[in-house]
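Shown next, in structure tokens, is the structure this report addresses.
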Amino acid sequence: MKKRLRKKTHRGEFKELGFVLTATYEEKADMDQLYDFVEQLTAKFDDLGLDVSGYFDFADFDIMVNTGSPNTEEAARRQEIIDFVKSMPGVTEVNAGDLMDAWHNSL
């Protein structure tokens with residue numbers, strides 16, 4: 001496969017890793033509390049250079065976290081975000097999947 005196609009399809013040297021992260025937390029009373037909670041999370045994701053997609057609800061979230069190219073300290077950033085979410089007030093359960101190909105998976 002030519003380099004241009006590998007880049008467009010995120011293959012070979014352009015592969016990106018990610019993991020699924022789910023958490024349950026005490027239900028937020030209103031949208032302002034939910035927004036504050038999401039703001040804290042997205043600020044941390046931005047600090048670590050992570051891309052995120054998924055959903056947030058009043059009592060849980062289910063997201064795909066893209067850690068970027070392999071060999072960019074993805075395991076350390078994965079663990080740091082897991083620890084951060086666990087340390088947030090009101091979080092009762094955190095589950096994180098293994099690192100996998102962020103573009104070509106069965107999700």
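A note on labels: chains of the structure tokens are A, B, ... as shown, every chain counts residues from 1, and ligands are counted from 1 in their shown order.
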Identify, on the basis of only C-alpha atoms, every residue whose closest approach to region 31-40 of chain A does not exceed 10 Å; exclude the query and any residue fewer than 3 positions from it along the same chain; express the result as a list in words.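 In the requested format, the answer is Glu27, Lys28, Ala43, Lys44, Phe45, Phe56, Asp57, Phe58, Ala59, Phe61, Phe84, Val85, Met88 and Pro89 of chain A.
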Selected residues written out with N, CA and C atoms, as a compact mmCIF listing (two decimals), in the first residue's frame:
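After the write, again.txt holds the following:
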# COMPACT_ATOMS: atom_id res chain seq x y z
N GLU A 27 -25.23 10.85 40.33
CA GLU A 27 -26.02 11.59 39.35
C GLU A 27 -25.92 13.09 39.59
N LYS A 28 -25.69 13.82 38.51
CA LYS A 28 -25.60 15.27 38.59
C LYS A 28 -26.99 15.86 38.67
N ALA A 43 -10.46 19.23 30.08
CA ALA A 43 -9.22 19.98 30.33
C ALA A 43 -8.06 19.01 30.53
N LYS A 44 -8.29 17.92 31.26
CA LYS A 44 -7.24 16.92 31.47
C LYS A 44 -6.89 16.22 30.17
N PHE A 45 -7.91 15.88 29.37
CA PHE A 45 -7.66 15.25 28.06
C PHE A 45 -6.80 16.17 27.20
N PHE A 56 -21.64 11.56 27.36
CA PHE A 56 -21.73 11.82 28.80
C PHE A 56 -23.20 11.91 29.16
N ASP A 57 -23.57 11.30 30.25
CA ASP A 57 -24.93 11.37 30.75
C ASP A 57 -24.88 11.90 32.19
N PHE A 58 -26.02 12.04 32.82
CA PHE A 58 -26.06 12.59 34.18
C PHE A 58 -25.42 11.66 35.21
N ALA A 59 -25.28 10.36 34.91
CA ALA A 59 -24.74 9.43 35.90
C ALA A 59 -23.61 8.55 35.36
N PHE A 61 -20.55 7.85 31.78
CA PHE A 61 -20.07 8.16 30.44
C PHE A 61 -19.41 6.94 29.84
N PHE A 84 -6.81 9.85 37.11
CA PHE A 84 -7.49 11.14 37.27
C PHE A 84 -8.99 10.96 37.43
N VAL A 85 -9.60 10.13 36.59
CA VAL A 85 -11.05 9.91 36.67
C VAL A 85 -11.41 9.27 38.01
N MET A 88 -11.66 11.79 40.86
CA MET A 88 -12.69 12.84 40.81
C MET A 88 -13.78 12.57 41.85
N PRO A 89 -14.26 13.61 42.52
CA PRO A 89 -15.31 13.43 43.53
C PRO A 89 -16.59 12.84 42.92
Quick check for you: according to DSSP on this backbone, which residues of region 18-102 of chain A are classed as helix (DSSP H, G or I)? Reply as number ranges by chain. A: 31-48, 74-87
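With only C-alpha atoms taken into account, the protein and nucleic acid residues at most 6 Å from Ala102 (chain A) (excluding it and anything under 6 positions from it in its own chain) are Glu16, Leu17 and Gly18 of chain A.
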Mind writing the picked residues with C-alpha atoms as a PDB file, in the first residue's frame?
ATOM      1  CA  GLU A  16      -3.191   5.330  16.181  1.00  0.00           C
ATOM      2  CA  LEU A  17      -3.995   3.615  19.456  1.00  0.00           C
ATOM      3  CA  GLY A  18      -6.898   4.171  21.812  1.00  0.00           C
TER       4      GLY A  18
END
Mind checking DSSP for region 27-65 of chain A and telling me the strand (DSSP E or B) residues as a list in words?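 Answer for region 27-65 of chain A restricted to strand (DSSP E or B) is Asp51, Val52, Ser53, Gly54, Tyr55, Phe56, Asp60, Phe61, Asp62, Ile63, Met64 and Val65 of chain A.
Here CA of Arg78 (chain A) stands at a distance of 8.0 Å from CA of Phe19 (chain A).
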With distances taken over only C-alpha atoms, which of A:Leu50, A:Asp30, A:Lys3, A:Thr24 is nearest to Ile81 (chain A)?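 Closest to Ile81 (chain A) of all the choices is A:Leu50.
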Asp83 (chain A): which residues within 12 Å, counting only C-alpha atoms, same-chain residues fewer than 3 positions away excluded, as a ChimeraX atom specification? /A:21,23,41,44,76-80,86-88,91,93-96
Excluding Met100 (chain A) and residues on its chain fewer than 3 positions from it, collect all residues at most 12 Å away from it, counting only C-alpha atoms, and give them as a compact mmCIF listing (two decimals) with N, CA and C atoms, in the first residue's frame.
# COMPACT_ATOMS: atom_id res chain seq x y z
N LYS A 15 -0.74 4.42 12.13
CA LYS A 15 -1.67 3.77 13.05
C LYS A 15 -1.78 4.61 14.33
N GLU A 16 -2.97 4.64 14.92
CA GLU A 16 -3.19 5.33 16.18
C GLU A 16 -3.84 4.36 17.16
N LEU A 17 -3.46 4.48 18.42
CA LEU A 17 -4.00 3.61 19.46
C LEU A 17 -5.03 4.36 20.29
N GLY A 18 -5.89 3.59 20.94
CA GLY A 18 -6.90 4.17 21.81
C GLY A 18 -7.44 3.11 22.74
N PHE A 19 -8.35 3.52 23.61
CA PHE A 19 -8.98 2.59 24.54
C PHE A 19 -10.35 3.11 24.93
N VAL A 20 -11.21 2.20 25.33
CA VAL A 20 -12.55 2.55 25.77
C VAL A 20 -12.50 2.82 27.27
N MET A 64 -14.41 6.79 23.83
CA MET A 64 -13.23 6.22 23.18
C MET A 64 -12.15 7.28 23.26
N VAL A 65 -11.02 6.93 23.86
CA VAL A 65 -9.92 7.87 24.04
C VAL A 65 -8.82 7.49 23.06
N ASN A 66 -8.48 8.42 22.17
CA ASN A 66 -7.44 8.20 21.18
C ASN A 66 -6.12 8.74 21.73
N THR A 67 -5.14 7.84 21.93
CA THR A 67 -3.87 8.25 22.52
C THR A 67 -2.83 8.66 21.49
N GLY A 68 -3.12 8.46 20.21
CA GLY A 68 -2.20 8.88 19.17
C GLY A 68 -1.33 7.75 18.66
N SER A 69 -0.24 8.11 18.04
CA SER A 69 0.65 7.14 17.43
C SER A 69 1.31 6.24 18.47
N PRO A 70 1.57 4.99 18.11
CA PRO A 70 2.29 4.10 19.03
C PRO A 70 3.67 4.68 19.39
N GLU A 74 1.84 6.17 25.23
CA GLU A 74 0.39 5.98 25.31
C GLU A 74 -0.03 5.23 26.57
N ALA A 75 0.74 4.26 27.01
CA ALA A 75 0.38 3.50 28.22
C ALA A 75 0.41 4.40 29.46
N ARG A 78 -2.57 6.73 29.28
CA ARG A 78 -3.78 5.94 29.58
C ARG A 78 -3.93 5.80 31.08
N ALA A 96 -11.58 0.54 32.13
CA ALA A 96 -10.81 0.93 30.95
C ALA A 96 -10.41 -0.31 30.17
N GLY A 97 -10.59 -0.25 28.86
CA GLY A 97 -10.18 -1.35 28.01
C GLY A 97 -8.70 -1.29 27.70
N TRP A 103 -8.67 3.14 14.92
CA TRP A 103 -9.44 3.31 13.71
C TRP A 103 -10.02 2.03 13.16
N HIS A 104 -9.38 0.92 13.44
CA HIS A 104 -9.79 -0.37 12.88
C HIS A 104 -10.02 -1.35 14.01
N ASN A 105 -11.23 -1.32 14.57
CA ASN A 105 -11.57 -2.21 15.66
C ASN A 105 -13.04 -2.60 15.53
N SER A 106 -13.50 -3.42 16.43
CA SER A 106 -14.86 -3.94 16.33
C SER A 106 -15.89 -3.11 17.08
N LEU A 107 -15.55 -1.91 17.52
CA LEU A 107 -16.50 -1.07 18.27
C LEU A 107 -17.59 -0.56 17.38
In Å, how far is it from CA of Glu26 (chain A) to CA of Gly90 (chain A)?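 Going from CA of Glu26 (chain A) over to CA of Gly90 (chain A), I get 5.2 Å.
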Between CA of Thr72 (chain A) and CA of Gly49 (chain A), what is the distance in Å, rounded to a tenth?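 It comes out at 10.6 Å.
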